[in-house]
>>> print(open('final.txt').read())   # compact mmCIF, C-alpha atoms
# COMPACT_ATOMS: atom_id res chain seq x y z
CA MET A 13 8.23 -39.96 -5.76
CA LYS A 14 6.51 -38.07 -2.94
CA THR A 15 6.18 -34.35 -3.41
CA ILE A 16 5.37 -31.34 -1.29
CA THR A 17 3.60 -28.15 -2.36
CA VAL A 18 5.63 -24.98 -2.12
CA ASN A 19 4.12 -21.52 -1.99
CA ILE A 20 6.22 -18.40 -1.91
CA VAL A 21 4.20 -15.27 -1.22
CA THR A 22 5.24 -11.65 -0.83
CA PRO A 23 3.19 -8.52 -0.14
CA ASP A 24 3.29 -7.84 -3.89
CA GLY A 25 1.69 -11.16 -4.72
CA PRO A 26 2.51 -14.84 -5.06
CA VAL A 27 5.90 -15.63 -6.60
CA TYR A 28 6.02 -19.39 -6.74
CA ASP A 29 3.53 -22.21 -6.49
CA SER A 30 4.48 -25.73 -7.45
CA GLU A 31 5.12 -29.32 -6.36
CA VAL A 32 8.70 -30.18 -5.50
CA SER A 33 10.45 -33.10 -3.87
CA MET A 34 12.66 -31.14 -1.50
CA VAL A 35 13.05 -27.58 -0.22
CA ILE A 36 16.32 -26.26 1.16
CA ALA A 37 16.25 -22.86 2.84
CA VAL A 38 18.60 -20.76 4.93
CA THR A 39 16.96 -20.18 8.31
CA ALA A 40 18.24 -18.15 11.23
CA SER A 41 19.76 -21.24 12.82
CA GLY A 42 21.33 -22.69 9.66
CA GLU A 43 20.39 -24.50 6.49
CA MET A 44 17.25 -26.54 6.65
CA GLY A 45 16.10 -29.24 4.26
CA VAL A 46 12.42 -30.07 4.12
CA LEU A 47 11.03 -33.31 2.71
CA PRO A 48 7.37 -34.29 2.39
CA GLY A 49 5.88 -35.29 5.73
CA HIS A 50 7.89 -32.86 7.85
CA ILE A 51 6.35 -31.99 11.22
CA PRO A 52 4.65 -28.57 11.38
CA THR A 53 7.37 -26.00 11.97
CA VAL A 54 7.87 -22.26 11.81
CA ALA A 55 11.33 -20.76 11.37
CA PRO A 56 12.59 -17.28 10.51
CA LEU A 57 14.50 -16.97 7.24
CA GLY A 58 17.77 -15.19 6.63
CA ILE A 59 18.86 -13.56 3.42
CA GLY A 60 19.63 -16.37 1.06
CA ALA A 61 18.61 -18.64 -1.75
CA VAL A 62 15.82 -21.13 -1.43
CA ARG A 63 16.57 -24.26 -3.41
CA LEU A 64 13.60 -26.15 -4.78
CA LYS A 65 14.56 -29.64 -5.91
CA LYS A 66 12.44 -31.38 -8.46
CA GLU A 67 12.90 -34.82 -10.05
CA ASN A 68 16.00 -33.86 -11.98
CA SER A 69 16.29 -30.11 -11.77
CA THR A 70 16.79 -27.43 -9.13
CA GLU A 71 15.17 -24.03 -9.09
CA LEU A 72 16.52 -21.09 -7.16
CA VAL A 73 14.61 -18.24 -5.56
CA ALA A 74 16.32 -15.27 -3.90
CA VAL A 75 14.54 -14.51 -0.64
CA SER A 76 15.12 -11.82 1.95
CA GLY A 77 13.42 -11.40 5.28
CA GLY A 78 10.48 -13.42 6.38
CA PHE A 79 9.78 -16.89 7.59
CA LEU A 80 9.06 -20.43 6.63
CA GLU A 81 5.92 -22.28 7.61
CA ILE A 82 5.98 -26.03 7.20
CA ARG A 83 3.07 -28.42 7.25
CA PRO A 84 3.31 -32.10 6.34
CA GLU A 85 1.98 -31.56 2.83
CA LYS A 86 2.77 -27.91 2.27
CA VAL A 87 5.54 -25.36 2.69
CA THR A 88 4.74 -21.66 2.72
CA ILE A 89 7.45 -19.04 2.55
CA LEU A 90 6.36 -15.55 3.55
CA ALA A 91 9.03 -13.07 2.54
CA GLN A 92 9.19 -9.32 2.19
CA SER A 93 10.77 -9.84 -1.17
CA ALA A 94 11.36 -12.91 -3.30
CA GLU A 95 12.47 -13.29 -6.89
CA ARG A 96 12.95 -16.28 -9.12
CA ALA A 97 16.26 -16.43 -10.93
CA THR A 98 14.60 -15.44 -14.20
CA ASP A 99 12.89 -12.39 -12.67
CA ILE A 100 15.98 -10.82 -11.15
CA ASP A 101 17.00 -7.44 -12.46
CA ILE A 102 20.72 -8.14 -12.57
CA ALA A 103 21.76 -4.59 -13.48
CA ARG A 104 19.91 -3.22 -10.48
CA ALA A 105 21.41 -5.81 -8.15
CA GLN A 106 24.95 -5.00 -9.33
CA GLU A 107 24.23 -1.31 -8.97
CA SER A 108 23.06 -1.67 -5.38
CA ALA A 109 25.99 -3.95 -4.56
CA LYS A 110 28.35 -1.22 -5.74
CA ARG A 111 26.49 1.43 -3.77
CA ALA A 112 26.55 -0.67 -0.61
CA GLU A 113 30.27 -1.34 -1.03
CA ALA A 114 30.95 2.36 -1.38
CA LEU A 115 28.98 3.03 1.80
CA LEU A 116 30.92 0.34 3.64
CA GLN A 117 34.18 1.93 2.53
CA ALA A 118 33.01 5.32 3.77
CA LYS A 119 32.51 3.85 7.27
CA LYS A 120 30.03 6.29 8.66
CA ASP A 121 28.02 5.69 11.82
CA GLU A 122 26.98 2.24 12.90
CA VAL A 123 23.37 2.28 11.73
CA ASP A 124 24.39 3.15 8.19
CA PHE A 125 27.06 0.53 8.30
CA LYS A 126 24.64 -2.20 9.29
CA ARG A 127 22.18 -1.12 6.66
CA ALA A 128 24.82 -1.11 3.96
CA GLU A 129 25.94 -4.54 5.07
CA LEU A 130 22.40 -5.89 4.73
CA ALA A 131 21.94 -4.20 1.38
CA LEU A 132 25.18 -5.75 0.14
CA LYS A 133 24.07 -9.15 1.38
CA ARG A 134 20.76 -8.87 -0.46
CA ALA A 135 22.43 -7.71 -3.64
CA MET A 136 25.04 -10.50 -3.52
CA ASN A 137 22.28 -13.01 -2.90
CA ARG A 138 20.41 -11.83 -6.00
CA ILE A 139 23.56 -11.93 -8.12
CA ASN A 140 24.40 -15.42 -6.90
CA VAL A 141 20.93 -16.71 -7.60
CA TYR A 142 20.93 -15.10 -11.03
CA GLU A 143 24.20 -16.76 -11.90
CA GLY A 144 23.11 -20.02 -10.35
CA ASN A 145 26.17 -20.54 -8.15
CA VAL A 146 24.75 -21.30 -4.74
CA MET B 21 -28.48 39.11 -21.93
CA ALA B 22 -25.06 37.84 -22.84
CA SER B 23 -24.01 38.32 -26.41
CA LEU B 24 -23.85 35.47 -28.90
CA ARG B 25 -20.09 35.41 -28.84
CA ASP B 26 -19.89 35.32 -25.04
CA ILE B 27 -22.17 32.30 -24.92
CA LYS B 28 -20.23 30.60 -27.70
CA ASN B 29 -17.00 31.11 -25.77
CA ARG B 30 -18.45 29.65 -22.61
CA ILE B 31 -19.72 26.61 -24.48
CA THR B 32 -16.31 25.98 -26.01
CA SER B 33 -14.46 26.30 -22.72
CA THR B 34 -16.91 24.10 -20.84
CA LYS B 35 -16.59 21.50 -23.59
CA LYS B 36 -12.84 21.51 -23.21
CA THR B 37 -13.09 21.11 -19.45
CA SER B 38 -15.44 18.20 -19.87
CA GLN B 39 -13.02 16.55 -22.27
CA ILE B 40 -10.35 16.72 -19.62
CA THR B 41 -12.56 15.43 -16.83
CA ARG B 42 -13.80 12.61 -19.04
CA ALA B 43 -10.23 11.60 -19.80
CA MET B 44 -9.35 11.73 -16.10
CA GLN B 45 -12.35 9.61 -15.29
CA MET B 46 -11.21 6.93 -17.71
CA VAL B 47 -7.64 7.04 -16.41
CA SER B 48 -8.89 6.61 -12.85
CA ALA B 49 -11.13 3.75 -13.90
CA SER B 50 -8.21 1.82 -15.33
CA LYS B 51 -6.03 2.64 -12.32
CA LEU B 52 -8.80 1.42 -10.06
CA ASN B 53 -8.77 -1.85 -11.93
CA ARG B 54 -5.06 -2.33 -11.30
CA ALA B 55 -5.36 -1.23 -7.69
CA GLU B 56 -8.02 -3.84 -7.08
CA THR B 57 -5.80 -6.52 -8.61
CA ASN B 58 -2.92 -5.41 -6.38
CA ALA B 59 -5.09 -5.52 -3.31
CA LYS B 60 -6.17 -9.02 -4.25
CA ALA B 61 -2.59 -10.17 -4.74
CA PHE B 62 -1.84 -9.09 -1.20
CA VAL B 63 -4.65 -11.10 0.40
CA PRO B 64 -2.92 -14.53 0.49
CA TYR B 65 0.15 -13.04 2.17
CA MET B 66 -1.91 -11.26 4.81
CA ALA B 67 -4.11 -14.28 5.46
CA LYS B 68 -1.10 -16.53 5.91
CA ILE B 69 0.76 -14.20 8.21
CA GLN B 70 -2.35 -13.73 10.33
CA ASP B 71 -2.74 -17.49 10.49
CA VAL B 72 0.76 -18.05 11.81
CA VAL B 73 0.68 -15.14 14.27
CA ALA B 74 -2.64 -16.35 15.65
CA SER B 75 -1.47 -19.92 16.03
CA ILE B 76 1.71 -18.86 17.80
CA ALA B 77 -0.24 -16.58 20.10
CA ALA B 78 -2.72 -19.38 20.80
CA SER B 79 -0.25 -22.22 21.26
CA SER B 80 2.24 -20.62 23.61
CA ASN B 81 0.92 -18.50 26.43
CA ASP B 82 4.38 -17.77 27.73
CA ALA B 83 5.51 -16.23 24.46
CA SER B 84 5.03 -12.54 25.01
CA HIS B 85 6.53 -9.67 23.12
CA PRO B 86 6.71 -5.93 23.79
CA MET B 87 4.64 -5.35 20.68
CA MET B 88 1.78 -7.40 22.10
CA THR B 89 1.56 -5.86 25.54
CA THR B 90 -0.43 -2.75 26.34
CA ARG B 91 1.49 -0.13 28.24
CA PRO B 92 0.38 3.13 29.85
CA VAL B 93 -0.20 5.64 27.10
CA ASN B 94 1.82 8.84 27.24
CA LYS B 95 1.83 9.50 23.56
CA THR B 96 -0.36 8.34 20.72
CA ALA B 97 0.61 8.18 17.08
CA TYR B 98 -1.89 8.69 14.29
CA LEU B 99 -0.97 7.21 10.96
CA VAL B 100 -3.07 8.95 8.33
CA ILE B 101 -3.24 7.81 4.74
CA THR B 102 -4.36 10.46 2.27
CA SER B 103 -3.72 11.20 -1.38
CA ASP B 104 -1.12 13.52 -2.89
CA ARG B 105 -3.46 15.51 -5.10
CA GLY B 106 -6.99 16.82 -5.01
CA LEU B 107 -9.75 16.19 -7.56
CA VAL B 108 -10.81 13.19 -5.57
CA GLY B 109 -14.15 14.39 -4.19
CA GLY B 110 -14.54 13.99 -0.45
CA TYR B 111 -11.71 11.47 -0.15
CA ASN B 112 -9.27 13.59 1.84
CA ALA B 113 -11.81 15.83 3.56
CA ASN B 114 -13.61 12.84 5.09
CA ILE B 115 -10.47 11.35 6.52
CA LEU B 116 -9.01 14.59 7.82
CA ARG B 117 -12.27 15.53 9.48
CA THR B 118 -12.55 12.16 11.21
CA VAL B 119 -8.97 12.35 12.48
CA SER B 120 -9.37 15.93 13.72
CA ASN B 121 -12.54 15.03 15.58
CA LYS B 122 -10.91 12.02 17.21
CA ILE B 123 -7.92 14.06 18.23
CA ARG B 124 -10.10 16.76 19.73
CA GLU B 125 -12.06 14.10 21.61
CA ARG B 126 -9.05 12.33 23.03
CA HIS B 127 -6.43 15.00 23.59
CA THR B 128 -6.25 18.40 25.13
CA SER B 129 -2.81 19.48 23.96
CA ASN B 130 -0.66 18.94 20.90
CA ASP B 131 2.04 17.31 23.02
CA GLU B 132 0.00 14.19 23.61
CA PHE B 133 0.16 12.85 20.10
CA VAL B 134 2.18 12.77 16.91
CA ILE B 135 1.20 12.38 13.30
CA LEU B 136 2.66 9.96 10.81
CA SER B 137 1.46 10.88 7.40
CA ILE B 138 1.35 9.12 4.07
CA GLY B 139 0.24 11.52 1.35
CA ARG B 140 0.80 15.23 0.73
CA LYS B 141 -2.73 16.40 1.63
CA GLY B 142 -2.54 14.96 5.12
CA ARG B 143 0.91 16.33 5.76
CA ASP B 144 -0.05 19.86 4.68
CA PHE B 145 -3.26 19.79 6.69
CA PHE B 146 -1.65 18.75 9.98
CA ALA B 147 1.33 21.03 9.51
CA LYS B 148 -1.08 23.95 9.13
CA GLN B 149 -2.75 22.98 12.40
CA GLY B 150 0.59 23.14 14.13
CA MET B 151 0.68 19.44 15.02
CA THR B 152 3.86 17.42 15.25
CA ILE B 153 4.51 15.40 12.13
CA LEU B 154 7.08 12.80 13.05
CA GLU B 155 7.36 11.15 9.69
CA SER B 156 5.84 11.63 6.28
CA THR B 157 5.97 10.06 2.87
CA ILE B 158 4.70 11.74 -0.23
CA ALA B 159 4.57 11.00 -3.94
CA LEU B 160 3.84 7.31 -3.67
CA PRO B 161 3.35 5.72 -7.07
CA ASP B 162 -0.20 4.89 -8.11
CA HIS B 163 0.46 1.24 -7.56
CA PRO B 164 2.84 1.08 -4.61
CA SER B 165 4.92 -2.03 -4.09
CA PHE B 166 6.00 -3.10 -0.64
CA ALA B 167 9.45 -1.61 -1.21
CA ASP B 168 7.91 1.86 -1.72
CA ILE B 169 6.43 2.08 1.76
CA LYS B 170 8.95 -0.08 3.58
CA GLU B 171 10.79 2.96 4.88
CA ILE B 172 7.83 4.53 6.67
CA THR B 173 6.39 1.26 7.98
CA ARG B 174 9.77 0.28 9.38
CA LYS B 175 10.08 3.64 11.10
CA ALA B 176 6.49 3.56 12.39
CA VAL B 177 6.98 0.14 13.93
CA GLY B 178 10.54 0.86 15.06
CA MET B 179 9.62 4.03 16.93
CA PHE B 180 6.91 2.17 18.77
CA SER B 181 9.47 -0.41 19.91
CA GLU B 182 11.82 2.35 20.99
CA GLY B 183 9.05 3.94 23.04
CA ALA B 184 8.59 7.17 21.07
CA TYR B 185 4.86 6.51 21.41
CA ASP B 186 2.72 3.89 23.09
CA GLU B 187 -0.05 3.19 20.65
CA VAL B 188 -0.65 3.62 16.94
CA TYR B 189 -3.96 4.24 15.25
CA MET B 190 -4.27 4.12 11.51
CA TYR B 191 -6.84 5.96 9.39
CA TYR B 192 -7.57 5.22 5.79
CA ASN B 193 -10.45 5.01 3.34
CA HIS B 194 -11.64 1.45 3.08
CA PHE B 195 -12.72 0.49 -0.42
CA VAL B 196 -16.30 -0.81 -0.27
CA SER B 197 -17.31 -0.32 -3.88
CA ALA B 198 -16.50 2.02 -6.74
CA ILE B 199 -18.98 4.54 -5.38
CA GLN B 200 -18.56 3.96 -1.66
CA GLN B 201 -15.50 4.38 0.53
CA GLU B 202 -15.50 4.28 4.29
CA VAL B 203 -13.14 6.01 6.68
CA THR B 204 -11.72 3.26 8.85
CA GLU B 205 -9.85 3.40 12.12
CA THR B 206 -7.56 0.51 13.00
CA LYS B 207 -5.40 0.07 16.04
CA VAL B 208 -2.11 -1.17 14.66
CA LEU B 209 0.01 -1.31 17.78
CA PRO B 210 0.11 -2.81 20.34
CA LEU B 211 -1.18 -5.95 18.68
CA THR B 212 -3.76 -6.96 21.23
CA ASP B 213 -6.59 -8.34 19.18
CA ILE B 214 -5.09 -11.11 17.10
CA LYS B 215 -7.94 -13.42 16.34
CA PRO B 216 -7.41 -17.10 15.65
CA THR B 217 -8.56 -17.82 12.11
CA GLY B 218 -10.27 -21.16 12.48
CA ALA B 219 -8.02 -24.16 11.95
CA THR B 220 -4.82 -23.40 13.80
CA SER B 221 -2.25 -26.14 13.87
CA SER B 222 0.38 -26.41 16.56
CA TYR B 223 3.91 -25.83 15.34
CA GLU B 224 7.43 -26.60 16.34
CA PHE B 225 9.40 -23.40 16.63
CA ASP B 226 12.94 -23.17 15.42
CA PRO B 227 14.77 -21.85 17.40
CA SER B 228 12.00 -20.61 19.78
CA ALA B 229 8.58 -19.00 19.77
CA GLU B 230 10.08 -15.74 21.06
CA ALA B 231 12.62 -15.62 18.25
CA ILE B 232 9.85 -16.17 15.72
CA LEU B 233 7.72 -13.42 17.22
CA GLU B 234 10.73 -11.14 17.02
CA VAL B 235 10.71 -11.52 13.23
CA LEU B 236 7.03 -12.05 12.71
CA LEU B 237 5.37 -9.24 14.65
CA PRO B 238 7.13 -6.30 12.99
CA GLN B 239 6.46 -7.94 9.65
CA TYR B 240 2.82 -8.38 10.63
CA ALA B 241 2.42 -4.77 11.70
CA GLU B 242 4.12 -3.56 8.53
CA SER B 243 1.82 -5.72 6.44
CA LEU B 244 -1.20 -4.23 8.17
CA ILE B 245 -0.03 -0.79 7.10
CA PHE B 246 0.79 -1.90 3.58
CA GLY B 247 -2.67 -3.47 3.29
CA ALA B 248 -4.22 -0.17 4.33
CA VAL B 249 -2.15 1.73 1.77
CA LEU B 250 -3.31 -0.59 -1.01
CA ASP B 251 -6.89 -0.28 0.19
CA GLY B 252 -6.53 3.49 0.38
CA LYS B 253 -5.12 3.66 -3.15
CA ALA B 254 -8.05 1.69 -4.51
CA SER B 255 -10.39 4.09 -2.72
CA GLU B 256 -8.47 7.06 -4.05
CA HIS B 257 -8.82 5.95 -7.66
CA ALA B 258 -12.48 5.12 -7.11
CA ALA B 259 -13.15 8.50 -5.48
CA SER B 260 -11.32 10.27 -8.27
CA MET B 261 -13.32 8.37 -10.85
CA THR B 262 -16.63 9.27 -9.21
CA ALA B 263 -15.64 12.90 -8.79
CA MET B 264 -14.60 13.17 -12.43
CA LYS B 265 -17.76 11.45 -13.58
CA SER B 266 -19.96 13.95 -11.79
CA ALA B 267 -17.81 16.79 -13.12
CA THR B 268 -18.34 15.49 -16.64
CA ASP B 269 -22.07 15.14 -16.04
CA ASN B 270 -22.29 18.66 -14.66
CA ALA B 271 -20.38 19.99 -17.64
CA SER B 272 -22.71 18.39 -20.16
CA GLU B 273 -25.70 19.73 -18.26
CA LEU B 274 -24.17 23.18 -18.36
CA ILE B 275 -23.45 22.85 -22.08
CA ASP B 276 -27.07 21.86 -22.74
CA GLY B 277 -28.32 24.95 -20.89
CA LEU B 278 -25.87 27.20 -22.67
CA THR B 279 -26.72 25.78 -26.08
CA LEU B 280 -30.36 26.52 -25.40
CA SER B 281 -29.70 30.15 -24.54
CA TYR B 282 -27.30 30.40 -27.49
CA ASN B 283 -30.04 29.27 -29.87
CA ARG B 284 -32.50 31.60 -28.24
CA ALA B 285 -30.16 34.55 -28.61
CA ARG B 286 -29.48 33.63 -32.22
CA GLN B 287 -33.20 33.39 -32.98
CA ALA B 288 -33.80 36.73 -31.26
CA ALA B 289 -31.08 38.32 -33.41
CA ILE B 290 -32.61 36.91 -36.60
CA THR B 291 -36.09 38.08 -35.63
CA GLN B 292 -34.76 41.51 -34.91
CA GLU B 293 -33.01 41.69 -38.27
CA ILE B 294 -36.19 40.70 -40.11
CA THR B 295 -38.16 43.32 -38.21
CA GLU B 296 -35.58 45.93 -39.17
CA ILE B 297 -35.67 44.97 -42.85
CA VAL B 298 -39.45 44.90 -42.90
CA GLY B 299 -39.52 48.25 -41.09
CA GLY B 300 -37.01 49.69 -43.58
CA ALA B 301 -39.00 48.46 -46.60
CA ALA B 302 -42.23 49.86 -45.14
CA ALA B 303 -40.58 53.26 -44.71
CA LEU B 304 -39.64 53.32 -48.43
CA GLU B 305 -43.14 52.78 -49.64
>>> encode(input="final.txt", output="structure tokens")
Amino acid sequence: MKTITVNIVTPDGPVYDSEVSMVIAVTASGEMGVLPGHIPTVAPLGIGAVRLKKENSTELVAVSGGFLEIRPEKVTILAQSAERATDIDIARAQESAKRAEALLQAKKDEVDFKRAELALKRAMNRINVYEGNV
Amino acid sequence: MASLRDIKNRITSTKKTSQITRAMQMVSASKLNRAETNAKAFVPYMAKIQDVVASIAASSNDASHPMMTTRPVNKTAYLVITSDRGLVGGYNANILRTVSNKIRERHTSNDEFVILSIGRKGRDFFAKQGMTILESTIALPDHPSFADIKEITRKAVGMFSEGAYDEVYMYYNHFVSAIQQEVTETKVLPLTDIKPTGATSSYEFDPSAEAILEVLLPQYAESLIFGAVLDGKASEHAASMTAMKSATDNASELIDGLTLSYNRARQAAITQEITEIVGGAAALE
């Protein structure tokens, strides 16, 4: 089976580097599946899970902010933060989800509201990836 | 001449000081090690982002972005990266002197520029000079992660986009080696000098080159700043290590000198005692 190299790098260092058979990521314009031999593409990423399909298993990585660079034999994901399911600090994610929800309830000015919304999205994303239900 | 006990006291206290500086030297050495590792971990990210930015800039001439265009300068921002504490030799002094000189060269009044400061020393220095400090971050951890400085980088880049200032210069100590650090000036914004890094491939853009630049350029500018912070931290630990090493060396030199005069004073006291005894015995005869 043909494979494609996937690299996930963040400012704090590389997070993932392996051969997979398919990458599915949430980009700004929708979900995108990448197979080996894809034409060179660049797309911005949303907050979401990147699914890395191997022969008979799927790995999940929670990604927020950044973009996806595709070359025929290699996919690079540059994100401001990225965590593999096993590296997620679930307590912290739940904590920040609660905090964001409280802020949303408080309904202060618009900037805070948007920020809280994003924070909630990131936290939910982490929790989902941790629990594996994407 | 100081008494025996005075000299003894000075020796003891100098010894204690040197124990502290030696410990600090070793702590800094191990922190430097980690800081270098962190800086290395950041390199692939930076290289990649530079690659993509350059290839987008090269492939599509029509893709322009406010962050890439030079506009008339009404206000300049200086982003200065210093440390929070002293005991780092010339680390802070070098940077602050360079920035002050540049400011004096370029501006005539304090209204023409603003300061963005990372580190307590820089903030205190510019506040004392009566300059406008728009934003400051202090008490960064020794090994900052991207999340730690996200706030200030986001603001620094955001305020440029909003037009609070029209260019951003960044000053930090570049880590050359454990004994050499160089004050470096980098123009962060506008991003005018993005160099193609060799093999640039042409990409498809989804949804469009403009939309990509919208995401990519702020991220790029923020990474530049983060890179400088990591570099600065490595320099800080190196400078602290060197400063503590010379302090330890000076202390042991001082102790050697003091020990010599202590022995001399002791010998003089003994000689005097003998003379007195001999004198006393002679008087009895």
>>> residues_around(input="final.txt", residues="segment 196-198 of chain B", least_positions_apart="6", cutoff="10 Å", atoms="only C-alpha atoms", output="count of residues only")
12
>>> closest_residue(input="final.txt", among="A:Ser69, A:Asn137, A:Thr15, A:Gln106", to="Val38 of chain A", atoms="only C-alpha atoms")
A:Asn137
>>> residues_around(input="final.txt", residues="Arg286 of chain B", least_positions_apart="2", cutoff="12 Å", atoms="only C-alpha atoms", output="MDAnalysis selection string")
chainID B and resid 21:25 27:28 279:284 288:293
>>> write_last_selection(input="final.txt", atoms="C-alpha atoms", output="mmCIF file, in the frame of the given file")
data_model
loop_
_atom_site.group_PDB
_atom_site.id
_atom_site.type_symbol
_atom_site.label_atom_id
_atom_site.label_comp_id
_atom_site.auth_asym_id
_atom_site.auth_seq_id
_atom_site.Cartn_x
_atom_site.Cartn_y
_atom_site.Cartn_z
ATOM 1 C CA MET B 21 -28.480 39.110 -21.930
ATOM 2 C CA ALA B 22 -25.060 37.840 -22.840
ATOM 3 C CA SER B 23 -24.010 38.320 -26.410
ATOM 4 C CA LEU B 24 -23.850 35.470 -28.900
ATOM 5 C CA ARG B 25 -20.090 35.410 -28.840
ATOM 6 C CA ILE B 27 -22.170 32.300 -24.920
ATOM 7 C CA LYS B 28 -20.230 30.600 -27.700
ATOM 8 C CA THR B 279 -26.720 25.780 -26.080
ATOM 9 C CA LEU B 280 -30.360 26.520 -25.400
ATOM 10 C CA SER B 281 -29.700 30.150 -24.540
ATOM 11 C CA TYR B 282 -27.300 30.400 -27.490
ATOM 12 C CA ASN B 283 -30.040 29.270 -29.870
ATOM 13 C CA ARG B 284 -32.500 31.600 -28.240
ATOM 14 C CA ALA B 288 -33.800 36.730 -31.260
ATOM 15 C CA ALA B 289 -31.080 38.320 -33.410
ATOM 16 C CA ILE B 290 -32.610 36.910 -36.600
ATOM 17 C CA THR B 291 -36.090 38.080 -35.630
ATOM 18 C CA GLN B 292 -34.760 41.510 -34.910
ATOM 19 C CA GLU B 293 -33.010 41.690 -38.270
#
>>> closest_residue(input="final.txt", among="B:Phe195, B:Phe146, B:Tyr240, B:Phe180", to="chain A", atoms="all atoms listed in the file")
B:Tyr240
>>> closest_residue(input="final.txt", among="A:Thr53, A:Ser108, A:Gln92, A:Asn68", to="Phe62 of chain B", atoms="all atoms listed in the file")
A:Gln92
>>> residues_around(input="final.txt", residues="segment 138-141 of chain B", least_positions_apart="3", cutoff="12 Å", atoms="only C-alpha atoms", output="PyMOL selection string")
chain B and resi 98-108+111-116+135+144-148+153-162+164+168-173+176+190-192+245-246+248-250+252-253+256
>>> write_last_selection(input="final.txt", atoms="C-alpha atoms", output="PDB file, keeping the file's coordinate frame")
ATOM      1  CA  TYR B  98      -1.890   8.690  14.290  1.00  0.00           C
ATOM      2  CA  LEU B  99      -0.970   7.210  10.960  1.00  0.00           C
ATOM      3  CA  VAL B 100      -3.070   8.950   8.330  1.00  0.00           C
ATOM      4  CA  ILE B 101      -3.240   7.810   4.740  1.00  0.00           C
ATOM      5  CA  THR B 102      -4.360  10.460   2.270  1.00  0.00           C
ATOM      6  CA  SER B 103      -3.720  11.200  -1.380  1.00  0.00           C
ATOM      7  CA  ASP B 104      -1.120  13.520  -2.890  1.00  0.00           C
ATOM      8  CA  ARG B 105      -3.460  15.510  -5.100  1.00  0.00           C
ATOM      9  CA  GLY B 106      -6.990  16.820  -5.010  1.00  0.00           C
ATOM     10  CA  LEU B 107      -9.750  16.190  -7.560  1.00  0.00           C
ATOM     11  CA  VAL B 108     -10.810  13.190  -5.570  1.00  0.00           C
ATOM     12  CA  TYR B 111     -11.710  11.470  -0.150  1.00  0.00           C
ATOM     13  CA  ASN B 112      -9.270  13.590   1.840  1.00  0.00           C
ATOM     14  CA  ALA B 113     -11.810  15.830   3.560  1.00  0.00           C
ATOM     15  CA  ASN B 114     -13.610  12.840   5.090  1.00  0.00           C
ATOM     16  CA  ILE B 115     -10.470  11.350   6.520  1.00  0.00           C
ATOM     17  CA  LEU B 116      -9.010  14.590   7.820  1.00  0.00           C
ATOM     18  CA  ILE B 135       1.200  12.380  13.300  1.00  0.00           C
ATOM     19  CA  ASP B 144      -0.050  19.860   4.680  1.00  0.00           C
ATOM     20  CA  PHE B 145      -3.260  19.790   6.690  1.00  0.00           C
ATOM     21  CA  PHE B 146      -1.650  18.750   9.980  1.00  0.00           C
ATOM     22  CA  ALA B 147       1.330  21.030   9.510  1.00  0.00           C
ATOM     23  CA  LYS B 148      -1.080  23.950   9.130  1.00  0.00           C
ATOM     24  CA  ILE B 153       4.510  15.400  12.130  1.00  0.00           C
ATOM     25  CA  LEU B 154       7.080  12.800  13.050  1.00  0.00           C
ATOM     26  CA  GLU B 155       7.360  11.150   9.690  1.00  0.00           C
ATOM     27  CA  SER B 156       5.840  11.630   6.280  1.00  0.00           C
ATOM     28  CA  THR B 157       5.970  10.060   2.870  1.00  0.00           C
ATOM     29  CA  ILE B 158       4.700  11.740  -0.230  1.00  0.00           C
ATOM     30  CA  ALA B 159       4.570  11.000  -3.940  1.00  0.00           C
ATOM     31  CA  LEU B 160       3.840   7.310  -3.670  1.00  0.00           C
ATOM     32  CA  PRO B 161       3.350   5.720  -7.070  1.00  0.00           C
ATOM     33  CA  ASP B 162      -0.200   4.890  -8.110  1.00  0.00           C
ATOM     34  CA  PRO B 164       2.840   1.080  -4.610  1.00  0.00           C
ATOM     35  CA  ASP B 168       7.910   1.860  -1.720  1.00  0.00           C
ATOM     36  CA  ILE B 169       6.430   2.080   1.760  1.00  0.00           C
ATOM     37  CA  LYS B 170       8.950  -0.080   3.580  1.00  0.00           C
ATOM     38  CA  GLU B 171      10.790   2.960   4.880  1.00  0.00           C
ATOM     39  CA  ILE B 172       7.830   4.530   6.670  1.00  0.00           C
ATOM     40  CA  THR B 173       6.390   1.260   7.980  1.00  0.00           C
ATOM     41  CA  ALA B 176       6.490   3.560  12.390  1.00  0.00           C
ATOM     42  CA  MET B 190      -4.270   4.120  11.510  1.00  0.00           C
ATOM     43  CA  TYR B 191      -6.840   5.960   9.390  1.00  0.00           C
ATOM     44  CA  TYR B 192      -7.570   5.220   5.790  1.00  0.00           C
ATOM     45  CA  ILE B 245      -0.030  -0.790   7.100  1.00  0.00           C
ATOM     46  CA  PHE B 246       0.790  -1.900   3.580  1.00  0.00           C
ATOM     47  CA  ALA B 248      -4.220  -0.170   4.330  1.00  0.00           C
ATOM     48  CA  VAL B 249      -2.150   1.730   1.770  1.00  0.00           C
ATOM     49  CA  LEU B 250      -3.310  -0.590  -1.010  1.00  0.00           C
ATOM     50  CA  GLY B 252      -6.530   3.490   0.380  1.00  0.00           C
ATOM     51  CA  LYS B 253      -5.120   3.660  -3.150  1.00  0.00           C
ATOM     52  CA  GLU B 256      -8.470   7.060  -4.050  1.00  0.00           C
TER      53      GLU B 256
END
